[in-house]
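So this one's target.tsv, TSV, C-alpha atoms:
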chain	number	residue	atom	x	y	z
R	1	MET	CA	0.00	0.00	0.00
R	2	LYS	CA	1.30	3.45	-0.92
R	3	GLY	CA	2.82	5.33	1.96
R	4	GLU	CA	3.12	2.23	4.12
R	5	ARG	CA	6.47	1.84	5.80
R	6	PRO	CA	8.31	-1.33	4.65
R	7	VAL	CA	8.96	-3.89	7.38
R	8	SER	CA	12.64	-4.54	8.01
R	9	LYS	CA	14.09	-7.67	9.49
R	10	VAL	CA	17.15	-8.13	11.68
R	11	ASP	CA	18.83	-11.39	12.63
R	12	ILE	CA	20.94	-11.30	15.78
R	13	GLY	CA	22.81	-13.72	18.01
R	14	ILE	CA	22.63	-13.12	21.76
R	15	ASP	CA	25.20	-14.38	24.22
R	16	LEU	CA	23.62	-13.31	27.50
R	17	GLY	CA	26.40	-14.06	29.94
R	18	THR	CA	26.88	-13.69	33.67
R	19	THR	CA	29.76	-11.26	33.16
R	20	ASN	CA	29.24	-9.87	29.66
R	21	THR	CA	26.52	-9.68	27.03
R	22	ILE	CA	27.65	-9.96	23.41
R	23	ILE	CA	25.36	-9.43	20.42
R	24	TYR	CA	26.14	-10.46	16.86
R	25	GLN	CA	24.20	-8.93	13.96
R	26	LYS	CA	23.94	-10.63	10.60
R	27	SER	CA	26.28	-9.18	7.96
R	28	LYS	CA	27.80	-6.83	10.56
R	29	GLY	CA	29.53	-9.14	13.04
R	30	ILE	CA	29.77	-8.40	16.76
R	31	VAL	CA	28.02	-5.06	17.31
R	32	LEU	CA	27.82	-4.96	21.10
R	33	GLU	CA	29.99	-6.20	23.95
R	34	GLU	CA	28.98	-4.82	27.35
R	35	PRO	CA	29.18	-5.92	31.00
R	36	SER	CA	25.95	-7.54	32.22
R	37	VAL	CA	25.34	-4.88	34.87
R	38	VAL	CA	22.42	-2.54	35.59
R	39	ALA	CA	22.45	0.43	37.99
R	40	VAL	CA	19.07	1.48	39.42
R	41	ASN	CA	17.89	3.96	42.04
R	42	SER	CA	15.66	3.23	45.03
R	43	ASN	CA	12.55	3.78	42.87
R	44	GLY	CA	13.64	1.11	40.43
R	45	ASN	CA	14.51	3.59	37.69
R	46	VAL	CA	17.51	2.69	35.54
R	47	ILE	CA	20.48	4.99	36.03
R	48	SER	CA	22.95	3.21	33.79
R	49	VAL	CA	23.52	-0.07	31.93
R	50	GLY	CA	26.62	-1.93	30.77
R	51	LYS	CA	30.07	-0.35	30.96
R	52	ASN	CA	28.98	2.76	32.84
R	53	ALA	CA	27.00	0.67	35.33
R	54	LYS	CA	29.98	-1.63	35.94
R	55	GLU	CA	32.11	1.36	36.88
R	56	MET	CA	29.62	2.00	39.68
R	57	LEU	CA	30.12	-1.42	41.29
R	58	GLY	CA	31.36	-0.87	44.84
R	59	ARG	CA	31.11	2.92	44.42
R	60	THR	CA	27.38	3.65	44.53
R	61	PRO	CA	25.95	6.08	47.13
R	62	ASN	CA	22.86	5.31	49.18
R	63	GLY	CA	19.82	4.94	46.97
R	64	ILE	CA	21.67	3.56	43.93
R	65	ASN	CA	22.36	-0.11	43.44
R	66	ALA	CA	24.45	-1.79	40.73
R	67	VAL	CA	23.33	-5.37	40.09
R	68	ASN	CA	24.16	-8.34	37.91
R	69	PRO	CA	20.87	-9.71	36.54
R	70	LEU	CA	22.46	-13.12	35.89
R	71	LYS	CA	24.12	-15.45	38.37
R	72	CYS	CA	25.87	-18.70	37.47
R	73	GLY	CA	24.68	-18.39	33.88
R	74	VAL	CA	20.95	-18.09	34.62
R	75	ILE	CA	18.47	-15.26	35.16
R	76	ALA	CA	18.62	-14.13	38.79
R	77	ASP	CA	16.67	-10.87	38.49
R	78	PHE	CA	14.03	-11.08	35.75
R	79	ASP	CA	13.04	-7.40	35.69
R	80	MET	CA	16.63	-6.17	35.57
R	81	ALA	CA	17.50	-8.70	32.85
R	82	VAL	CA	14.59	-7.43	30.73
R	83	LEU	CA	15.64	-3.79	31.22
R	84	MET	CA	19.26	-4.60	30.41
R	85	LEU	CA	18.62	-6.58	27.21
R	86	ASP	CA	16.04	-4.07	25.99
R	87	PHE	CA	18.62	-1.31	26.47
R	88	PHE	CA	21.24	-3.27	24.52
R	89	VAL	CA	18.88	-4.06	21.65
R	90	LYS	CA	17.85	-0.41	21.37
R	91	LYS	CA	21.52	0.53	21.33
R	92	ILE	CA	22.23	-1.56	18.23
R	93	ILE	CA	18.92	-0.91	16.47
R	94	LYS	CA	19.20	2.84	16.06
R	95	SER	CA	15.63	3.44	14.91
R	96	ILE	CA	12.42	4.68	16.48
R	97	PHE	CA	10.73	1.70	14.84
R	98	ARG	CA	11.65	-1.74	16.18
R	99	PRO	CA	12.14	-4.09	13.21
R	100	LYS	CA	11.07	-7.70	13.19
R	101	MET	CA	13.88	-9.59	14.83
R	102	ARG	CA	14.92	-13.23	14.82
R	103	ALA	CA	17.43	-14.19	17.46
R	104	VAL	CA	19.64	-17.20	17.96
R	105	VAL	CA	20.34	-17.35	21.69
R	106	GLY	CA	22.92	-19.26	23.68
R	107	ILE	CA	21.48	-21.28	26.56
R	108	PRO	CA	23.32	-23.22	29.30
R	109	THR	CA	23.53	-26.90	28.40
R	110	LYS	CA	21.68	-28.32	31.38
R	111	SER	CA	19.19	-25.56	32.12
R	112	THR	CA	16.12	-26.53	34.11
R	113	ASN	CA	12.66	-25.88	32.70
R	114	VAL	CA	12.28	-22.90	35.03
R	115	GLU	CA	15.64	-21.43	33.99
R	116	SER	CA	15.01	-21.86	30.26
R	117	LYS	CA	11.50	-20.42	30.58
R	118	ALA	CA	12.89	-17.32	32.31
R	119	LEU	CA	15.43	-16.84	29.51
R	120	ARG	CA	12.73	-17.24	26.83
R	121	GLU	CA	10.58	-14.59	28.51
R	122	VAL	CA	13.48	-12.15	28.82
R	123	ILE	CA	14.22	-12.57	25.10
R	124	ALA	CA	10.54	-12.12	24.21
R	125	HIS	CA	10.31	-8.89	26.25
R	126	SER	CA	13.23	-7.45	24.24
R	127	GLY	CA	11.08	-7.43	21.09
R	128	VAL	CA	12.36	-10.62	19.45
R	129	ARG	CA	9.60	-12.26	17.40
R	130	ASP	CA	11.27	-15.62	16.78
R	131	ALA	CA	13.88	-17.03	19.16
R	132	PHE	CA	15.92	-20.14	18.56
R	133	PHE	CA	18.06	-21.61	21.32
R	134	VAL	CA	21.43	-23.33	20.97
R	135	GLU	CA	23.50	-24.83	23.77
R	136	GLU	CA	26.25	-22.38	24.64
R	137	ILE	CA	28.88	-25.10	24.63
R	138	MET	CA	27.90	-26.07	21.07
R	139	ALA	CA	27.99	-22.43	19.97
R	140	ALA	CA	31.42	-22.03	21.61
R	141	ALA	CA	32.72	-25.08	19.75
R	142	ILE	CA	31.46	-23.74	16.43
R	143	GLY	CA	32.85	-20.29	17.16
R	144	SER	CA	36.28	-21.64	18.04
R	145	GLY	CA	36.49	-23.43	14.71
R	146	LEU	CA	35.95	-27.03	15.84
R	147	ASN	CA	34.32	-29.39	13.34
R	148	VAL	CA	31.29	-30.34	15.42
R	149	ASN	CA	29.80	-32.50	12.64
R	150	SER	CA	32.80	-34.79	12.43
R	151	PRO	CA	32.39	-38.40	13.65
R	152	SER	CA	35.66	-37.91	15.52
R	153	GLY	CA	35.16	-36.68	19.07
R	154	THR	CA	36.09	-33.14	20.02
R	155	MET	CA	36.25	-31.80	23.55
R	156	ILE	CA	35.58	-28.24	24.64
R	157	VAL	CA	35.75	-26.51	28.02
R	158	ASP	CA	33.98	-23.14	28.23
R	159	ILE	CA	35.02	-21.25	31.38
R	160	GLY	CA	32.48	-18.47	31.78
R	161	GLY	CA	31.78	-15.92	34.48
R	162	GLY	CA	29.41	-18.04	36.56
R	163	THR	CA	29.90	-21.60	35.34
R	164	THR	CA	32.22	-23.88	33.42
R	165	GLU	CA	30.72	-26.21	30.84
R	166	VAL	CA	32.58	-29.29	29.65
R	167	ALA	CA	31.43	-31.35	26.69
R	168	ILE	CA	32.45	-33.99	24.18
R	169	ILE	CA	30.85	-33.40	20.79
R	170	SER	CA	30.49	-35.81	17.87
R	171	LEU	CA	28.29	-35.85	14.74
R	172	GLY	CA	26.69	-32.53	15.65
R	173	GLY	CA	25.54	-33.61	19.10
R	174	ILE	CA	26.72	-33.55	22.69
R	175	VAL	CA	27.77	-37.04	23.73
R	176	ALA	CA	28.71	-36.26	27.33
R	177	SER	CA	28.73	-33.04	29.33
R	178	LYS	CA	29.02	-31.58	32.80
R	179	THR	CA	28.49	-28.12	34.28
R	180	VAL	CA	30.17	-26.88	37.46
R	181	ARG	CA	29.54	-23.58	39.23
R	182	VAL	CA	33.11	-22.43	38.90
R	183	GLY	CA	34.20	-19.56	36.70
R	184	GLY	CA	35.52	-16.02	36.63
R	185	ASP	CA	33.28	-14.90	39.48
R	186	SER	CA	34.39	-17.71	41.79
R	187	PHE	CA	38.02	-16.95	40.87
R	188	ASP	CA	37.43	-13.36	42.00
R	189	GLU	CA	35.78	-14.51	45.22
R	190	ALA	CA	38.69	-16.86	45.95
R	191	ILE	CA	41.23	-14.05	45.39
R	192	THR	CA	39.21	-11.69	47.58
R	193	SER	CA	39.07	-14.24	50.40
R	194	PHE	CA	42.80	-15.00	50.09
R	195	ILE	CA	43.80	-11.33	50.31
R	196	ARG	CA	41.53	-10.80	53.31
R	197	LYS	CA	43.11	-13.74	55.15
R	198	LYS	CA	46.75	-13.16	54.21
R	199	TYR	CA	46.94	-9.37	54.19
R	200	GLY	CA	43.91	-8.28	56.23
R	201	ILE	CA	42.68	-6.13	53.34
R	202	SER	CA	39.18	-5.94	51.91
R	203	ALA	CA	39.44	-5.05	48.21
R	204	GLY	CA	36.72	-4.09	45.71
R	205	THR	CA	35.42	-6.32	42.93
R	206	GLN	CA	36.89	-4.27	40.08
R	207	SER	CA	40.32	-4.10	41.71
R	208	ILE	CA	40.33	-7.88	42.17
R	209	GLU	CA	39.32	-8.48	38.56
R	210	LYS	CA	42.02	-6.11	37.34
R	211	ILE	CA	44.90	-7.86	39.11
R	212	LYS	CA	43.51	-11.27	38.12
R	213	PHE	CA	44.11	-10.47	34.46
R	214	GLU	CA	47.24	-8.38	35.01
R	215	ILE	CA	49.29	-10.85	37.04
R	216	GLY	CA	47.02	-13.87	37.42
R	217	THR	CA	48.65	-17.24	36.84
R	218	VAL	CA	48.30	-20.84	37.98
R	219	MET	CA	51.96	-21.66	37.32
R	220	LYS	CA	54.42	-21.54	40.20
R	221	ASN	CA	57.25	-19.11	39.60
R	222	PRO	CA	59.62	-17.60	42.18
R	223	ALA	CA	60.12	-14.49	40.00
R	224	GLN	CA	56.49	-13.42	39.80
R	225	VAL	CA	55.68	-9.81	38.99
R	226	SER	CA	53.68	-7.87	41.54
R	227	ALA	CA	50.76	-5.47	41.32
R	228	GLN	CA	49.46	-2.91	43.77
R	229	ILE	CA	45.94	-3.20	45.09
R	230	SER	CA	44.13	-0.79	47.36
R	231	GLY	CA	41.36	-1.46	49.80
R	232	ARG	CA	40.30	-1.11	53.41
R	233	LYS	CA	42.17	-2.52	56.37
R	234	LEU	CA	40.01	-4.95	58.30
R	235	ALA	CA	41.73	-4.07	61.58
R	236	ASN	CA	40.84	-0.38	61.63
R	237	GLY	CA	38.74	0.31	58.53
R	238	LEU	CA	41.29	2.76	57.10
R	239	PRO	CA	42.46	2.82	53.45
R	240	ALA	CA	45.57	0.77	52.66
R	241	SER	CA	47.58	-0.45	49.68
R	242	ILE	CA	49.55	-3.67	49.34
R	243	TYR	CA	51.45	-5.54	46.66
R	244	VAL	CA	50.33	-9.02	45.62
R	245	ASN	CA	52.12	-11.32	43.20
R	246	GLY	CA	51.27	-14.12	40.82
R	247	ASN	CA	51.90	-16.77	43.44
R	248	ASP	CA	49.18	-15.19	45.59
R	249	ILE	CA	46.73	-15.48	42.71
R	250	ARG	CA	47.84	-19.04	42.07
R	251	ALA	CA	47.32	-20.06	45.70
R	252	ALA	CA	43.85	-18.51	45.65
R	253	ILE	CA	42.42	-19.97	42.45
R	254	LEU	CA	44.23	-23.29	42.03
R	255	PRO	CA	41.59	-25.20	44.07
R	256	GLU	CA	38.93	-23.75	41.74
R	257	ILE	CA	40.90	-24.89	38.69
R	258	TYR	CA	41.04	-28.44	40.02
R	259	VAL	CA	37.23	-28.50	40.26
R	260	ILE	CA	37.29	-27.89	36.49
R	261	VAL	CA	39.93	-30.60	36.05
R	262	ASP	CA	37.74	-33.07	37.93
R	263	ALA	CA	34.79	-32.18	35.68
R	264	ILE	CA	36.93	-32.80	32.59
R	265	LYS	CA	38.00	-36.20	33.89
R	266	SER	CA	34.39	-37.07	34.71
R	267	VAL	CA	33.18	-36.26	31.19
R	268	ILE	CA	36.02	-38.23	29.60
R	269	SER	CA	35.16	-41.25	31.74
R	270	GLU	CA	31.54	-41.12	30.49
R	271	ALA	CA	32.47	-41.07	26.80
R	272	PRO	CA	32.81	-44.18	24.60
R	273	ALA	CA	36.37	-45.48	24.35
R	274	GLU	CA	36.62	-44.56	20.65
R	275	LEU	CA	35.85	-40.93	21.36
R	276	SER	CA	38.32	-40.85	24.24
R	277	ALA	CA	40.99	-42.00	21.81
R	278	ASP	CA	39.98	-39.23	19.40
R	279	ILE	CA	40.37	-36.62	22.14
R	280	LEU	CA	43.80	-37.95	23.03
R	281	ASN	CA	44.82	-37.02	19.48
R	282	SER	CA	42.79	-33.84	18.91
R	283	GLY	CA	43.11	-32.40	22.42
R	284	ILE	CA	40.93	-30.10	24.50
R	285	GLU	CA	39.79	-26.63	23.38
R	286	LEU	CA	39.46	-23.90	26.03
R	287	THR	CA	37.06	-20.99	25.57
R	288	GLY	CA	35.51	-18.32	27.80
R	289	GLY	CA	37.11	-15.57	29.86
R	290	GLY	CA	38.63	-18.02	32.34
R	291	ALA	CA	40.73	-19.48	29.54
R	292	CYS	CA	42.73	-16.23	29.57
R	293	ILE	CA	44.28	-17.06	32.96
R	294	ASP	CA	47.98	-17.70	32.40
R	295	GLY	CA	48.95	-21.36	32.62
R	296	ILE	CA	45.48	-22.85	32.87
R	297	ASP	CA	46.08	-24.83	29.67
R	298	ARG	CA	49.28	-26.32	31.09
R	299	ILE	CA	47.61	-27.27	34.38
R	300	ILE	CA	44.85	-29.13	32.52
R	301	CYS	CA	47.38	-30.73	30.17
R	302	ASN	CA	49.49	-31.98	33.09
R	303	ALA	CA	46.43	-33.29	34.94
R	304	THR	CA	44.85	-35.12	31.98
R	305	GLY	CA	47.83	-36.05	29.80
R	306	MET	CA	46.05	-34.53	26.80
R	307	PRO	CA	47.02	-31.62	24.57
R	308	VAL	CA	45.18	-28.42	25.47
R	309	LYS	CA	44.71	-25.32	23.32
R	310	VAL	CA	43.22	-21.92	24.16
R	311	ALA	CA	40.94	-20.61	21.40
R	312	ASP	CA	42.11	-17.55	19.47
R	313	TYR	CA	39.36	-15.28	20.84
R	314	PRO	CA	38.09	-17.18	23.88
R	315	LEU	CA	35.77	-14.44	25.17
R	316	LYS	CA	33.86	-14.22	21.89
R	317	CYS	CA	33.54	-17.88	20.88
R	318	VAL	CA	29.86	-18.29	21.85
R	319	ALA	CA	28.85	-15.11	20.00
R	320	ALA	CA	31.01	-16.07	17.02
R	321	GLY	CA	29.36	-19.49	16.90
R	322	LEU	CA	25.88	-17.97	16.99
R	323	GLY	CA	27.01	-15.64	14.23
R	324	LYS	CA	28.16	-18.52	12.03
R	325	LEU	CA	24.77	-20.18	12.43
R	326	ILE	CA	23.04	-16.96	11.40
R	327	GLU	CA	25.30	-16.24	8.45
R	328	ASN	CA	25.01	-19.80	7.12
R	329	ASP	CA	21.24	-19.91	7.66
R	330	ALA	CA	21.80	-23.17	9.50
R	331	ASN	CA	18.92	-25.46	10.40
R	332	ILE	CA	18.41	-24.38	14.01
R	333	TYR	CA	15.78	-26.20	15.97
R	334	LYS	CA	13.67	-24.28	18.48
R	335	ILE	CA	13.80	-25.92	21.90

Please lay out the structure from this file as structure tokens.
Amino acid sequence: MKGERPVSKVDIGIDLGTTNTIIYQKSKGIVLEEPSVVAVNSNGNVISVGKNAKEMLGRTPNGINAVNPLKCGVIADFDMAVLMLDFFVKKIIKSIFRPKMRAVVGIPTKSTNVESKALREVIAHSGVRDAFFVEEIMAAAIGSGLNVNSPSGTMIVDIGGGTTEVAIISLGGIVASKTVRVGGDSFDEAITSFIRKKYGISAGTQSIEKIKFEIGTVMKNPAQVSAQISGRKLANGLPASIYVNGNDIRAAILPEIYVIVDAIKSVISEAPAELSADILNSGIELTGGGACIDGIDRIICNATGMPVKVADYPLKCVAAGLGKLIENDANIYKI
């Protein structure tokens, strides 16, 4: 009809993570990468979302609260998750008219019915007309370049912010998998607890995360570099600064790493012998932010006797995998 506005369509991939949200748009690539954080006032009004909201963590005055809508990979605060995703979608769709959108969404491998329903509803509230869900571990494998359709077994370990997923994939399906509630957040908590006990200092979340990536390692080395961290002395509540080194980080997070190692061994023991032999040859692929910790590949290699490789862009593998599915118009089944 003359004068009628044509309907546009947008295909996006959504990696709604505990720590970060990444959105892939067809033909454009990754168009958004923001922390999964929302800052609201006492009336529930949104003050800030994403990067700006994350900067408020641990710094907000009375009446303003910075929250993470997701915990351990699942929706923890439905209303905040809806507000956050709606903000992100509006940020990439710079139009007063919301186009028809189809989304391919990453979902934790062993989500409960309640958890998956909450995620579906959050996606629906963001204006997505058709949503298709793909296991995050499968998307990560595709995004890292693994041949998931091969009859030979491939193994992937995705170390996210709230959880770590481990899976063996063959012929386009997950043969064996396990999820443990260990990830970047639990690494931060372990470092925080260690510094409190050893140095008597209470440090903020952002400071802990910063030194984790600056000097974090799980390899023992007497010549570790140090980094300064500031916080509050537990003894008197006054500000204080100390220096921590890589061995401190190692001591704090190594027990967490071995929970992941145990999960890997468990999944291998569940797989058919033929696939175990395949993995011995092809090795284990590491994705997710936790894969960036120095030496984690060597720890897993030493513990399992298998070759281990960190993906080229571990933080973006899930989003990249969703993007490949979109670009190739793959046959994605709604679940």

Quick one: which region 17-93 of chain R residues come within 9 Å of region 178-189 of chain R, and what is the nearest atom pair for each with the distance in Å to one decimal, counting all atoms listed in the file, rows ordered by chain and ascending number, as a tab-separated table?
residue	atom	partner	partner_atom	distance
R:Thr18	CA	R:Asp185	CA	8.7
R:Thr19	CA	R:Asp185	CA	8.1
R:Cys72	CA	R:Arg181	CA	6.4
R:Gly73	CA	R:Arg181	CA	8.9

Next item on the list: Would you work out the distance separating CA of Ser150 (chain R) from CA of Glu274 (chain R), expressed in Å to one decimal?
Entry: 13.3 Å

Next item on the list: Find the residue from R:Ile326, R:Ser48, R:Lys71, R:Ile253 that sits nearest to Val105 (chain R); use only C-alpha atoms when measuring.
Entry: R:Ile326

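One finds CA of Ala39 (chain R) at 12.5 Å from CA of Asp79 (chain R).
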
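Proximity to Ile201 (chain R) was assessed for R:Gly162, R:Gly13, R:Gly283, R:Gly231 counting only C-alpha atoms; the smallest distance is recorded for R:Gly231.
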
Check: What residues have an atom no more than 12 Å from (37.6, -17.2, 46.5) in the file's own frame, counting all atoms listed in the file, and can you write them as a PyMOL selection string?
Finding: chain R and resi 182-197+205+208-209+212+248-257

Please, which residues in region 23-103 of chain R fall within 8 Å of region 301-320 of chain R when counting all atoms listed in the file, and what is the closest atom pair and distance in Å to one decimal for each, ordered by chain then residue number, as a tab-separated table?
residue	atom	partner	partner_atom	distance
R:Ile23	CA	R:Ala319	CA	6.7
R:Tyr24	CA	R:Ala319	CA	6.2
R:Ile30	CA	R:Ala319	CA	7.5

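Closest approach to Gly143 (chain R) among R:Val38, R:Ile156, R:Val82, R:Ala176 is made by R:Ile156 (distances from all atoms listed in the file).
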
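When CA of Phe133 (chain R) is paired with CA of Leu16 (chain R), their separation reads 11.7 Å.
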
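The nearest approach to Ser111 (chain R) among the residues R:Glu165, R:Asp262, R:Asp77, R:Asp130, with all atoms listed in the file taken into account, belongs to R:Glu165.
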
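With distances restricted to all atoms listed in the file, R:Lys91 is the closest residue to Gly50 (chain R) from R:Lys210, R:Lys91, R:Arg298, R:Lys233.
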
Notebook entry, point to check: Between R:Thr21, R:Asn52, R:Ser42, R:Asn149, which one has atoms that come closest to Phe88 (chain R), using all atoms listed in the file?
Noted result: R:Thr21

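Residues in contact with Val175 (chain R) at up to 9 Å, not including ones fewer than 2 positions away on its chain and judged by only C-alpha atoms, are R:Gly153, R:Ala167, R:Ile168, R:Ile169, R:Ser170, R:Gly173, R:Ser177, R:Glu270, R:Ala271, R:Pro272.
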
Prev. selection, C-alpha atoms, output as a short mmCIF file (atom, residue, chain, number, x, y, z; two decimals), keeping the file's coordinate frame:
data_model
loop_
_atom_site.label_atom_id
_atom_site.label_comp_id
_atom_site.auth_asym_id
_atom_site.auth_seq_id
_atom_site.Cartn_x
_atom_site.Cartn_y
_atom_site.Cartn_z
CA GLY R 153 35.16 -36.68 19.07
CA ALA R 167 31.43 -31.35 26.69
CA ILE R 168 32.45 -33.99 24.18
CA ILE R 169 30.85 -33.40 20.79
CA SER R 170 30.49 -35.81 17.87
CA GLY R 173 25.54 -33.61 19.10
CA SER R 177 28.73 -33.04 29.33
CA GLU R 270 31.54 -41.12 30.49
CA ALA R 271 32.47 -41.07 26.80
CA PRO R 272 32.81 -44.18 24.60
#

As a compact mmCIF listing (two decimals), in the frame of the given file, could you write out region 30-49 of chain R once it has been completed with N, CA and C atoms?
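Contents of rebuild.txt, as written:
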# COMPACT_ATOMS: atom_id res chain seq x y z
N ILE R 30 30.07 -8.76 15.37
CA ILE R 30 29.77 -8.40 16.76
C ILE R 30 29.57 -6.88 16.85
N VAL R 31 28.37 -6.49 17.27
CA VAL R 31 28.02 -5.06 17.31
C VAL R 31 27.89 -4.53 18.72
N LEU R 32 27.92 -5.42 19.71
CA LEU R 32 27.82 -4.96 21.10
C LEU R 32 28.53 -5.94 22.02
N GLU R 33 29.32 -5.41 22.92
CA GLU R 33 29.99 -6.20 23.95
C GLU R 33 30.02 -5.34 25.21
N GLU R 34 29.14 -5.65 26.15
CA GLU R 34 28.98 -4.82 27.35
C GLU R 34 28.90 -5.71 28.59
N PRO R 35 29.35 -5.19 29.74
CA PRO R 35 29.18 -5.92 31.00
C PRO R 35 27.69 -6.10 31.31
N SER R 36 27.35 -7.25 31.86
CA SER R 36 25.95 -7.54 32.22
C SER R 36 25.65 -6.93 33.59
N VAL R 37 25.55 -5.61 33.62
CA VAL R 37 25.34 -4.88 34.87
C VAL R 37 24.30 -3.78 34.64
N VAL R 38 23.42 -3.60 35.63
CA VAL R 38 22.42 -2.54 35.59
C VAL R 38 22.49 -1.75 36.90
N ALA R 39 22.49 -0.42 36.80
CA ALA R 39 22.45 0.43 37.99
C ALA R 39 21.07 1.08 38.08
N VAL R 40 20.42 0.92 39.22
CA VAL R 40 19.07 1.48 39.42
C VAL R 40 19.02 2.29 40.71
N ASN R 41 18.07 3.22 40.79
CA ASN R 41 17.89 3.96 42.04
C ASN R 41 16.86 3.27 42.91
N SER R 42 16.56 3.85 44.05
CA SER R 42 15.66 3.23 45.03
C SER R 42 14.24 3.09 44.51
N ASN R 43 13.89 3.86 43.46
CA ASN R 43 12.55 3.78 42.87
C ASN R 43 12.48 2.75 41.75
N GLY R 44 13.61 2.11 41.49
CA GLY R 44 13.64 1.11 40.43
C GLY R 44 13.90 1.68 39.05
N ASN R 45 14.21 2.96 38.98
CA ASN R 45 14.51 3.59 37.69
C ASN R 45 15.96 3.32 37.30
N VAL R 46 16.16 3.02 36.03
CA VAL R 46 17.51 2.69 35.54
C VAL R 46 18.36 3.95 35.46
N ILE R 47 19.52 3.88 36.07
CA ILE R 47 20.48 4.99 36.03
C ILE R 47 21.49 4.77 34.91
N SER R 48 21.95 3.53 34.79
CA SER R 48 22.95 3.21 33.79
C SER R 48 22.95 1.71 33.52
N VAL R 49 23.46 1.34 32.33
CA VAL R 49 23.52 -0.07 31.93
C VAL R 49 24.86 -0.33 31.26
